[in-house]
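J.: Provided herewith is a single structure, encoded as structure tokens, for subsequent inquiry.
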Amino acid sequence: MSLLEVKNLTYSYGVGTPFEKKALDNVSVNINAGEFIGVIGHTGSGKSTLMQMLNGLLKPESGQVFLNGNDINAPKNNIRNIRFKVGLVFQYPEHQLFDDTVRKDISFGPRNMGLSEEEIAERVISAAEFVGLKNELLDKSPFELSGGEKRRAAIAGVISMEPDIIIFDEPTAGLDPNGRNYLLERINDYHKTKGKTVILVSHSMEDIAKYAEKVLVLNKGRIEMFDETKKVFSHVEKLDSMGLRVPQITYIMNKLKEYGYDVSGGVLTVEEAYDELKRLLCRKRGEKC
Ligand SMILES: Nc1ncnc2c1ncn2[C@@H]1O[C@H](COP(=O)(O)OP(=O)(O)O)[C@@H](O)[C@H]1O
Ligand SMILES: [Mg+2]
């Protein structure tokens with residue numbers, strides 16, 4: 001049994017109005033514990049809609065979402081408890097900061113989980129540390145923080161619940177390159193050190209190539225592909241036809257291969273390309289390396 005099973009999920013906005021729009025059309029997917037899943041798709045392909053259905057924020061029109069075999073929308077299941085297990089970080093999560101101190105904001109989730117004061121305090125400290133938020137900021141108002149700090153505080157508010165699955169819907173939007181890299185590394189650490197399942201929605205094919213083990217491709221509300229990252233990114237033309245471009249380095253390496261250079265196809269990151277080219281140069285010079 002998979003940790004998360006999505007079965008024949010369909011969802012429309014504005015049902016019965018002239019603006020009715022089918023956002024998801026018969027989507028089925030299984031996600032296993034401990035996976036790092038990347039989600040890609042053109043704007044409007046249904047990524048955010050699907051993410052909000054995974055933690056019960058949106059209810060299916062038809063179909064089911066099972067968490068550990070339990071239908072999360074079944075009347076017997078308290079949806080609040082589901083949200084402690086499936087954490088969702090929206091785009092611009094800092095807009096959801098609301099309390100008068102950062103500490104209170106981060107402790108909101110753990111408090112609702114009914115944890116002891118002692119445990120809540122520990123969770124806040126470790127979540128803040130995890131996202132790289134300095135201790136002295138905890139007693140400030142969220143509104144005194146910089147943009148990047150606010151983002152970290154908002155993410156700490158989800159991490160403090162220690163969800164089994166954590167979903168990030170375009171978490172780096174609006175951050176500078178340093179802020180982006182830092183955040184992605186922290187997300188990757190969360191996955192690696194705690195063994196938690198991470199679902200990352202991103203526009204950046206580079207970021208997905210670097211971190212995701214599997215990639216889910218949505219197109220017009222349907223799943224177009226769901227496979228290991230290398231396999232998905234080898235369908236260059238298919239992705240192109242959906243308005244998705246594989247990382248630039250992949251194009252460059254594919255071209256070199258086309259021109260007859262002995263490099264492998266499906267190179268996804270600059271680091272991999274560096275290794276390939278180094279190998280090629282060494283061979284040409286007759287050196288061992
Ligand atoms: N609140 C809403 N009301 C009406 N239509 C919506 C709403 N949210 C999304 N949609 C529509 O549903 C489709 C899927 O949107 P969304 O899930 O946000 O896609 P993505 O996250 O991939 O950009 C789009 O056509 C979008 O316009
Ligand atoms: Mg979206």
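We name chains A, B, ... following the order of the structure tokens; residues begin at 1 in each chain, and ligands are numbered from 1 as shown.
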Go through the chains and note each residue within 12 Å of ligand 1, using only C-alpha atoms and all ligand atoms, then give the set as a PDB file with N, CA, C and O atoms, in the first residue's frame.

T.:
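Result file is pocket-v8.pdb:
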ATOM      1  N   THR A  10     -11.329  13.974  -9.984  1.00  0.00           N
ATOM      2  CA  THR A  10     -11.814  14.991 -10.925  1.00  0.00           C
ATOM      3  C   THR A  10     -12.280  16.187 -10.118  1.00  0.00           C
ATOM      4  O   THR A  10     -12.838  16.034  -9.020  1.00  0.00           O
ATOM      5  N   TYR A  11     -11.979  17.381 -10.637  1.00  0.00           N
ATOM      6  CA  TYR A  11     -12.394  18.596  -9.926  1.00  0.00           C
ATOM      7  C   TYR A  11     -12.671  19.725 -10.910  1.00  0.00           C
ATOM      8  O   TYR A  11     -11.892  19.944 -11.836  1.00  0.00           O
ATOM      9  N   SER A  12     -13.800  20.400 -10.709  1.00  0.00           N
ATOM     10  CA  SER A  12     -14.122  21.560 -11.540  1.00  0.00           C
ATOM     11  C   SER A  12     -14.372  22.772 -10.659  1.00  0.00           C
ATOM     12  O   SER A  12     -14.922  22.651  -9.563  1.00  0.00           O
ATOM     13  N   TYR A  13     -13.964  23.924 -11.139  1.00  0.00           N
ATOM     14  CA  TYR A  13     -14.286  25.189 -10.467  1.00  0.00           C
ATOM     15  C   TYR A  13     -15.561  25.752 -11.090  1.00  0.00           C
ATOM     16  O   TYR A  13     -15.847  25.523 -12.264  1.00  0.00           O
ATOM     17  N   GLY A  14     -16.311  26.510 -10.299  1.00  0.00           N
ATOM     18  CA  GLY A  14     -17.466  27.254 -10.802  1.00  0.00           C
ATOM     19  C   GLY A  14     -18.541  26.378 -11.421  1.00  0.00           C
ATOM     20  O   GLY A  14     -19.139  26.753 -12.434  1.00  0.00           O
ATOM     21  N   VAL A  15     -18.782  25.209 -10.780  1.00  0.00           N
ATOM     22  CA  VAL A  15     -19.772  24.273 -11.340  1.00  0.00           C
ATOM     23  C   VAL A  15     -21.136  24.959 -11.441  1.00  0.00           C
ATOM     24  O   VAL A  15     -21.570  25.641 -10.515  1.00  0.00           O
ATOM     25  N   THR A  17     -21.899  27.432 -13.337  1.00  0.00           N
ATOM     26  CA  THR A  17     -21.819  28.828 -13.794  1.00  0.00           C
ATOM     27  C   THR A  17     -21.262  28.824 -15.222  1.00  0.00           C
ATOM     28  O   THR A  17     -20.725  27.810 -15.677  1.00  0.00           O
ATOM     29  N   PRO A  18     -21.353  29.966 -15.898  1.00  0.00           N
ATOM     30  CA  PRO A  18     -20.779  30.020 -17.257  1.00  0.00           C
ATOM     31  C   PRO A  18     -19.264  29.847 -17.244  1.00  0.00           C
ATOM     32  O   PRO A  18     -18.660  29.624 -18.285  1.00  0.00           O
ATOM     33  N   PHE A  19     -18.656  29.973 -16.036  1.00  0.00           N
ATOM     34  CA  PHE A  19     -17.183  29.896 -15.951  1.00  0.00           C
ATOM     35  C   PHE A  19     -16.703  28.512 -15.539  1.00  0.00           C
ATOM     36  O   PHE A  19     -15.550  28.340 -15.163  1.00  0.00           O
ATOM     37  N   GLU A  20     -17.597  27.542 -15.577  1.00  0.00           N
ATOM     38  CA  GLU A  20     -17.217  26.193 -15.146  1.00  0.00           C
ATOM     39  C   GLU A  20     -15.949  25.736 -15.859  1.00  0.00           C
ATOM     40  O   GLU A  20     -15.799  25.905 -17.071  1.00  0.00           O
ATOM     41  N   LYS A  21     -15.030  25.195 -15.065  1.00  0.00           N
ATOM     42  CA  LYS A  21     -13.719  24.835 -15.627  1.00  0.00           C
ATOM     43  C   LYS A  21     -13.236  23.545 -14.989  1.00  0.00           C
ATOM     44  O   LYS A  21     -13.120  23.451 -13.764  1.00  0.00           O
ATOM     45  N   LYS A  22     -13.005  22.531 -15.807  1.00  0.00           N
ATOM     46  CA  LYS A  22     -12.488  21.270 -15.274  1.00  0.00           C
ATOM     47  C   LYS A  22     -10.985  21.430 -15.042  1.00  0.00           C
ATOM     48  O   LYS A  22     -10.228  21.589 -16.006  1.00  0.00           O
ATOM     49  N   ALA A  23     -10.573  21.419 -13.782  1.00  0.00           N
ATOM     50  CA  ALA A  23      -9.155  21.649 -13.473  1.00  0.00           C
ATOM     51  C   ALA A  23      -8.390  20.335 -13.369  1.00  0.00           C
ATOM     52  O   ALA A  23      -7.194  20.288 -13.649  1.00  0.00           O
ATOM     53  N   LEU A  24      -9.085  19.273 -12.943  1.00  0.00           N
ATOM     54  CA  LEU A  24      -8.456  17.946 -12.880  1.00  0.00           C
ATOM     55  C   LEU A  24      -9.403  16.939 -13.499  1.00  0.00           C
ATOM     56  O   LEU A  24     -10.608  16.967 -13.233  1.00  0.00           O
ATOM     57  N   ASP A  25      -8.836  16.051 -14.299  1.00  0.00           N
ATOM     58  CA  ASP A  25      -9.664  15.130 -15.048  1.00  0.00           C
ATOM     59  C   ASP A  25      -9.163  13.699 -14.864  1.00  0.00           C
ATOM     60  O   ASP A  25      -8.182  13.303 -15.474  1.00  0.00           O
ATOM     61  N   VAL A  39       6.753  18.143  -9.251  1.00  0.00           N
ATOM     62  CA  VAL A  39       5.533  18.290 -10.043  1.00  0.00           C
ATOM     63  C   VAL A  39       5.729  19.457 -11.010  1.00  0.00           C
ATOM     64  O   VAL A  39       6.047  20.569 -10.586  1.00  0.00           O
ATOM     65  N   ILE A  40       5.564  19.162 -12.304  1.00  0.00           N
ATOM     66  CA  ILE A  40       5.722  20.213 -13.306  1.00  0.00           C
ATOM     67  C   ILE A  40       4.495  20.242 -14.221  1.00  0.00           C
ATOM     68  O   ILE A  40       3.725  19.271 -14.281  1.00  0.00           O
ATOM     69  N   GLY A  41       4.351  21.328 -14.918  1.00  0.00           N
ATOM     70  CA  GLY A  41       3.215  21.489 -15.825  1.00  0.00           C
ATOM     71  C   GLY A  41       3.056  22.964 -16.107  1.00  0.00           C
ATOM     72  O   GLY A  41       3.412  23.804 -15.283  1.00  0.00           O
ATOM     73  N   HIS A  42       2.520  23.264 -17.278  1.00  0.00           N
ATOM     74  CA  HIS A  42       2.295  24.638 -17.682  1.00  0.00           C
ATOM     75  C   HIS A  42       1.354  25.330 -16.696  1.00  0.00           C
ATOM     76  O   HIS A  42       0.588  24.652 -16.015  1.00  0.00           O
ATOM     77  N   THR A  43       1.392  26.643 -16.610  1.00  0.00           N
ATOM     78  CA  THR A  43       0.449  27.392 -15.776  1.00  0.00           C
ATOM     79  C   THR A  43      -0.980  26.981 -16.149  1.00  0.00           C
ATOM     80  O   THR A  43      -1.307  26.889 -17.332  1.00  0.00           O
ATOM     81  N   GLY A  44      -1.777  26.689 -15.144  1.00  0.00           N
ATOM     82  CA  GLY A  44      -3.171  26.302 -15.401  1.00  0.00           C
ATOM     83  C   GLY A  44      -3.356  24.813 -15.639  1.00  0.00           C
ATOM     84  O   GLY A  44      -4.460  24.358 -15.909  1.00  0.00           O
ATOM     85  N   SER A  45      -2.273  24.025 -15.500  1.00  0.00           N
ATOM     86  CA  SER A  45      -2.392  22.586 -15.778  1.00  0.00           C
ATOM     87  C   SER A  45      -3.047  21.817 -14.630  1.00  0.00           C
ATOM     88  O   SER A  45      -3.349  20.634 -14.783  1.00  0.00           O
ATOM     89  N   GLY A  46      -3.229  22.474 -13.485  1.00  0.00           N
ATOM     90  CA  GLY A  46      -3.925  21.821 -12.372  1.00  0.00           C
ATOM     91  C   GLY A  46      -3.042  21.459 -11.187  1.00  0.00           C
ATOM     92  O   GLY A  46      -3.495  20.785 -10.256  1.00  0.00           O
ATOM     93  N   LYS A  47      -1.797  21.934 -11.197  1.00  0.00           N
ATOM     94  CA  LYS A  47      -0.854  21.569 -10.132  1.00  0.00           C
ATOM     95  C   LYS A  47      -1.370  21.998  -8.751  1.00  0.00           C
ATOM     96  O   LYS A  47      -1.449  21.181  -7.828  1.00  0.00           O
ATOM     97  N   SER A  48      -1.713  23.272  -8.619  1.00  0.00           N
ATOM     98  CA  SER A  48      -2.149  23.767  -7.301  1.00  0.00           C
ATOM     99  C   SER A  48      -3.461  23.119  -6.876  1.00  0.00           C
ATOM    100  O   SER A  48      -3.663  22.839  -5.688  1.00  0.00           O
ATOM    101  N   THR A  49      -4.327  22.867  -7.818  1.00  0.00           N
ATOM    102  CA  THR A  49      -5.601  22.214  -7.492  1.00  0.00           C
ATOM    103  C   THR A  49      -5.331  20.824  -6.918  1.00  0.00           C
ATOM    104  O   THR A  49      -5.865  20.459  -5.864  1.00  0.00           O
ATOM    105  N   LEU A  50      -4.470  20.068  -7.587  1.00  0.00           N
ATOM    106  CA  LEU A  50      -4.146  18.722  -7.098  1.00  0.00           C
ATOM    107  C   LEU A  50      -3.519  18.794  -5.703  1.00  0.00           C
ATOM    108  O   LEU A  50      -3.892  18.026  -4.816  1.00  0.00           O
ATOM    109  N   MET A  51      -2.590  19.731  -5.503  1.00  0.00           N
ATOM    110  CA  MET A  51      -1.920  19.827  -4.196  1.00  0.00           C
ATOM    111  C   MET A  51      -2.926  20.098  -3.078  1.00  0.00           C
ATOM    112  O   MET A  51      -2.837  19.531  -1.996  1.00  0.00           O
ATOM    113  N   GLN A  52      -3.904  20.967  -3.367  1.00  0.00           N
ATOM    114  CA  GLN A  52      -4.903  21.295  -2.333  1.00  0.00           C
ATOM    115  C   GLN A  52      -5.854  20.143  -2.065  1.00  0.00           C
ATOM    116  O   GLN A  52      -6.502  20.097  -1.019  1.00  0.00           O
ATOM    117  N   MET A  53      -5.917  19.214  -3.001  1.00  0.00           N
ATOM    118  CA  MET A  53      -6.776  18.046  -2.761  1.00  0.00           C
ATOM    119  C   MET A  53      -6.047  16.994  -1.944  1.00  0.00           C
ATOM    120  O   MET A  53      -6.682  16.153  -1.313  1.00  0.00           O
ATOM    121  N   LEU A  58      -9.393  21.079  -0.748  1.00  0.00           N
ATOM    122  CA  LEU A  58     -10.463  21.018  -1.748  1.00  0.00           C
ATOM    123  C   LEU A  58     -11.016  19.599  -1.750  1.00  0.00           C
ATOM    124  O   LEU A  58     -10.258  18.639  -1.616  1.00  0.00           O
ATOM    125  N   PHE A  90       1.942  26.968   0.668  1.00  0.00           N
ATOM    126  CA  PHE A  90       1.464  27.650  -0.540  1.00  0.00           C
ATOM    127  C   PHE A  90       2.554  28.539  -1.128  1.00  0.00           C
ATOM    128  O   PHE A  90       3.535  28.859  -0.477  1.00  0.00           O
ATOM    129  N   GLN A  91       2.246  29.018  -2.327  1.00  0.00           N
ATOM    130  CA  GLN A  91       3.053  30.086  -2.888  1.00  0.00           C
ATOM    131  C   GLN A  91       2.856  31.313  -1.984  1.00  0.00           C
ATOM    132  O   GLN A  91       1.764  31.536  -1.496  1.00  0.00           O
ATOM    133  N   PHE A 168       5.302  21.556  -1.198  1.00  0.00           N
ATOM    134  CA  PHE A 168       5.710  22.943  -1.429  1.00  0.00           C
ATOM    135  C   PHE A 168       5.219  23.350  -2.813  1.00  0.00           C
ATOM    136  O   PHE A 168       5.652  22.793  -3.820  1.00  0.00           O
ATOM    137  N   ASP A 169       4.301  24.312  -2.853  1.00  0.00           N
ATOM    138  CA  ASP A 169       3.768  24.768  -4.139  1.00  0.00           C
ATOM    139  C   ASP A 169       4.508  26.035  -4.554  1.00  0.00           C
ATOM    140  O   ASP A 169       4.195  27.122  -4.089  1.00  0.00           O
ATOM    141  N   GLU A 170       5.486  25.892  -5.402  1.00  0.00           N
ATOM    142  CA  GLU A 170       6.328  26.993  -5.882  1.00  0.00           C
ATOM    143  C   GLU A 170       6.867  27.827  -4.715  1.00  0.00           C
ATOM    144  O   GLU A 170       6.598  29.033  -4.624  1.00  0.00           O
ATOM    145  N   LEU A 200       7.354  18.689  -4.459  1.00  0.00           N
ATOM    146  CA  LEU A 200       7.782  20.046  -4.806  1.00  0.00           C
ATOM    147  C   LEU A 200       7.220  20.439  -6.170  1.00  0.00           C
ATOM    148  O   LEU A 200       7.538  19.812  -7.181  1.00  0.00           O
ATOM    149  N   VAL A 201       6.383  21.472  -6.167  1.00  0.00           N
ATOM    150  CA  VAL A 201       5.879  22.018  -7.434  1.00  0.00           C
ATOM    151  C   VAL A 201       6.813  23.150  -7.821  1.00  0.00           C
ATOM    152  O   VAL A 201       7.092  24.020  -6.992  1.00  0.00           O
ATOM    153  N   SER A 202       7.316  23.118  -9.034  1.00  0.00           N
ATOM    154  CA  SER A 202       8.241  24.188  -9.423  1.00  0.00           C
ATOM    155  C   SER A 202       8.179  24.472 -10.909  1.00  0.00           C
ATOM    156  O   SER A 202       7.931  23.587 -11.719  1.00  0.00           O
ATOM    157  N   HIS A 203       8.431  25.747 -11.238  1.00  0.00           N
ATOM    158  CA  HIS A 203       8.567  26.154 -12.630  1.00  0.00           C
ATOM    159  C   HIS A 203       9.959  25.867 -13.145  1.00  0.00           C
ATOM    160  O   HIS A 203      10.197  25.862 -14.339  1.00  0.00           O
ATOM    161  N   LEU A 216       6.193  14.160 -11.766  1.00  0.00           N
ATOM    162  CA  LEU A 216       4.810  14.055 -12.217  1.00  0.00           C
ATOM    163  C   LEU A 216       4.561  15.229 -13.160  1.00  0.00           C
ATOM    164  O   LEU A 216       4.796  16.375 -12.799  1.00  0.00           O
ATOM    165  N   VAL A 217       4.117  14.905 -14.379  1.00  0.00           N
ATOM    166  CA  VAL A 217       3.864  15.964 -15.357  1.00  0.00           C
ATOM    167  C   VAL A 217       2.367  16.105 -15.565  1.00  0.00           C
ATOM    168  O   VAL A 217       1.692  15.152 -15.963  1.00  0.00           O
ATOM    169  N   LEU A 218       1.844  17.291 -15.269  1.00  0.00           N
ATOM    170  CA  LEU A 218       0.417  17.554 -15.497  1.00  0.00           C
ATOM    171  C   LEU A 218       0.252  18.380 -16.763  1.00  0.00           C
ATOM    172  O   LEU A 218       1.056  19.283 -17.032  1.00  0.00           O
ATOM    173  N   ASN A 219      -0.769  18.048 -17.522  1.00  0.00           N
ATOM    174  CA  ASN A 219      -1.066  18.801 -18.730  1.00  0.00           C
ATOM    175  C   ASN A 219      -2.577  18.870 -18.878  1.00  0.00           C
ATOM    176  O   ASN A 219      -3.232  17.828 -18.942  1.00  0.00           O
ATOM    177  N   LYS A 220      -3.105  20.068 -18.854  1.00  0.00           N
ATOM    178  CA  LYS A 220      -4.551  20.279 -19.003  1.00  0.00           C
ATOM    179  C   LYS A 220      -5.362  19.380 -18.076  1.00  0.00           C
ATOM    180  O   LYS A 220      -6.327  18.729 -18.496  1.00  0.00           O
ATOM    181  N   GLY A 221      -4.943  19.305 -16.828  1.00  0.00           N
ATOM    182  CA  GLY A 221      -5.720  18.574 -15.832  1.00  0.00           C
ATOM    183  C   GLY A 221      -5.548  17.067 -15.845  1.00  0.00           C
ATOM    184  O   GLY A 221      -6.220  16.350 -15.114  1.00  0.00           O
ATOM    185  N   ARG A 222      -4.633  16.584 -16.685  1.00  0.00           N
ATOM    186  CA  ARG A 222      -4.397  15.137 -16.737  1.00  0.00           C
ATOM    187  C   ARG A 222      -2.923  14.846 -16.462  1.00  0.00           C
ATOM    188  O   ARG A 222      -2.070  15.679 -16.732  1.00  0.00           O
ATOM    189  N   ILE A 223      -2.681  13.593 -16.008  1.00  0.00           N
ATOM    190  CA  ILE A 223      -1.289  13.201 -15.811  1.00  0.00           C
ATOM    191  C   ILE A 223      -0.728  12.717 -17.132  1.00  0.00           C
ATOM    192  O   ILE A 223      -1.250  11.778 -17.732  1.00  0.00           O
TER     193      ILE A 223
END

J.: With a distance cut-off of 9 Å and only C-alpha atoms, select the neighbouring residues of Arg123 in chain A, excluding the residue or stretch itself and same-chain residues fewer than 4 positions from it, and output the selection as a PDB file with N, CA and C atoms, in the first residue's frame.

T.:
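Now in result14.pdb:
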ATOM      1  N   ILE A 106       4.624  30.072  14.627  1.00  0.00           N
ATOM      2  CA  ILE A 106       5.205  28.736  14.360  1.00  0.00           C
ATOM      3  C   ILE A 106       4.566  27.684  15.270  1.00  0.00           C
ATOM      4  N   SER A 107       4.108  28.120  16.464  1.00  0.00           N
ATOM      5  CA  SER A 107       3.562  27.119  17.393  1.00  0.00           C
ATOM      6  C   SER A 107       2.070  26.824  17.148  1.00  0.00           C
ATOM      7  N   PRO A 110       1.517  22.947  16.080  1.00  0.00           N
ATOM      8  CA  PRO A 110       1.744  22.023  17.194  1.00  0.00           C
ATOM      9  C   PRO A 110       0.736  22.207  18.341  1.00  0.00           C
ATOM     10  N   GLU A 118       5.817  22.021  26.654  1.00  0.00           N
ATOM     11  CA  GLU A 118       7.249  21.728  26.542  1.00  0.00           C
ATOM     12  C   GLU A 118       7.597  21.273  25.113  1.00  0.00           C
ATOM     13  N   GLU A 119       6.759  20.374  24.626  1.00  0.00           N
ATOM     14  CA  GLU A 119       7.014  19.852  23.286  1.00  0.00           C
ATOM     15  C   GLU A 119       6.819  20.933  22.220  1.00  0.00           C
ATOM     16  N   ALA A 127      12.159  23.783  14.474  1.00  0.00           N
ATOM     17  CA  ALA A 127      11.680  24.185  13.138  1.00  0.00           C
ATOM     18  C   ALA A 127      12.370  25.480  12.699  1.00  0.00           C
ATOM     19  N   ALA A 128      12.534  26.418  13.641  1.00  0.00           N
ATOM     20  CA  ALA A 128      13.186  27.694  13.302  1.00  0.00           C
ATOM     21  C   ALA A 128      14.639  27.432  12.905  1.00  0.00           C
ATOM     22  N   ILE A 159       6.647  22.970   9.090  1.00  0.00           N
ATOM     23  CA  ILE A 159       7.631  21.955   9.512  1.00  0.00           C
ATOM     24  C   ILE A 159       7.457  21.604  10.994  1.00  0.00           C
ATOM     25  N   SER A 160       7.011  22.573  11.810  1.00  0.00           N
ATOM     26  CA  SER A 160       6.859  22.330  13.254  1.00  0.00           C
ATOM     27  C   SER A 160       5.821  21.239  13.537  1.00  0.00           C
ATOM     28  N   MET A 161       4.961  20.967  12.572  1.00  0.00           N
ATOM     29  CA  MET A 161       3.989  19.871  12.757  1.00  0.00           C
ATOM     30  C   MET A 161       4.602  18.521  12.391  1.00  0.00           C
ATOM     31  N   GLU A 162       5.812  18.574  11.841  1.00  0.00           N
ATOM     32  CA  GLU A 162       6.525  17.364  11.395  1.00  0.00           C
ATOM     33  C   GLU A 162       5.628  16.442  10.567  1.00  0.00           C
TER      34      GLU A 162
END

J.: For each of A:Ile37, A:Arg103, A:Val89, A:Glu228, take the minimum atom-to-atom distance to ligand 2, counting only C-alpha atoms and all ligand atoms, then give the residue where this is smallest.

T.: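 Closest residue, counting only C-alpha atoms and all ligand atoms: A:Val89.
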
J.: Using only C-alpha atoms, determine which residues lie at most 9 Å from Asn188 in chain A, disregarding the query and same-chain residues fewer than 3 positions distant; provide the list as a ChimeraX atom specification.

T.: /A:36,183-185,191-193,198,211

J.: Per residue of range 206-235 of chain A within 10 Å of range 248-253 of chain A, record the nearest atom pair and its distance in Å to one decimal, counting only C-alpha atoms, with rows in chain order and ascending residue number, as a Markdown table.

T.:
| residue | atom | partner | partner_atom | distance |
| --- | --- | --- | --- | --- |
| A:Glu206 | CA | A:Gln248 | CA | 8.2 |
| A:Ala209 | CA | A:Thr250 | CA | 9.9 |
| A:Phe233 | CA | A:Thr250 | CA | 8.6 |
| A:Ser234 | CA | A:Thr250 | CA | 9.0 |

J.: Take CA of Val158 in chain A and CA of Gly87 in chain A and report the distance between them in Å, one decimal.

T.: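 Separation of CA of Val158 in chain A and CA of Gly87 in chain A: 5.9 Å.
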
J.: Just asking: which residues within range 2-53 of chain A are strand (DSSP E) according to DSSP, as a compact mmCIF listing (two decimals) with C-alpha atoms, in the first residue's frame?

T.:
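Okay, this is what ended up in states_7.txt:
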# COMPACT_ATOMS: atom_id res chain seq x y z
CA LEU A 4 -0.76 8.40 -0.61
CA GLU A 5 -3.12 7.01 -3.24
CA VAL A 6 -5.02 9.28 -5.55
CA LYS A 7 -7.81 7.51 -7.42
CA ASN A 8 -9.70 8.92 -10.41
CA LEU A 9 -9.73 12.44 -9.05
CA THR A 10 -11.81 14.99 -10.92
CA TYR A 11 -12.39 18.60 -9.93
CA SER A 12 -14.12 21.56 -11.54
CA TYR A 13 -14.29 25.19 -10.47
CA LYS A 21 -13.72 24.84 -15.63
CA LYS A 22 -12.49 21.27 -15.27
CA ALA A 23 -9.16 21.65 -13.47
CA LEU A 24 -8.46 17.95 -12.88
CA ASP A 25 -9.66 15.13 -15.05
CA ASN A 26 -9.52 11.57 -13.76
CA VAL A 27 -6.12 11.81 -12.10
CA SER A 28 -4.66 8.70 -10.44
CA VAL A 29 -1.25 8.47 -8.82
CA ASN A 30 0.49 6.61 -5.98
CA ILE A 31 3.17 8.18 -3.83
CA PHE A 36 10.91 13.25 -3.32
CA ILE A 37 8.42 14.02 -6.08
CA GLY A 38 8.71 16.95 -8.45
CA VAL A 39 5.53 18.29 -10.04
CA ILE A 40 5.72 20.21 -13.31

J.: Any chance you could list, as a ChimeraX atom specification, the residues in range 70-225 of chain A that come up helix (DSSP H, G or I) when DSSP is run on the backbone?

T.: /A:79-85,93-96,102-112,117-131,135-137,142-144,147-159,177-194,205-211

J.: Compile the contact shell of Pro142 in chain A as a VMD selection string: residues with an atom at most 12 Å away, counting only C-alpha atoms, same-chain residues fewer than 4 positions apart removed.

T.: chain A and resid 94 to 106 133 137 to 138 146 to 154 157

J.: Tell me, in Å to one decimal, how far CA of Ala33 in chain A is from CA of Ser2 in chain A.

T.: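 Separation of CA of Ala33 in chain A and CA of Ser2 in chain A: 7.1 Å.
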
J.: Between A:Cys289, A:Pro60, A:Leu281, A:Phe84, which has the minimum distance to Tyr261 in chain A (counting only C-alpha atoms)?

T.: A:Leu281

J.: Which value, in Å to one decimal, gives the distance between CA of Leu3 in chain A and CA of Leu67 in chain A?

T.: 5.7 Å
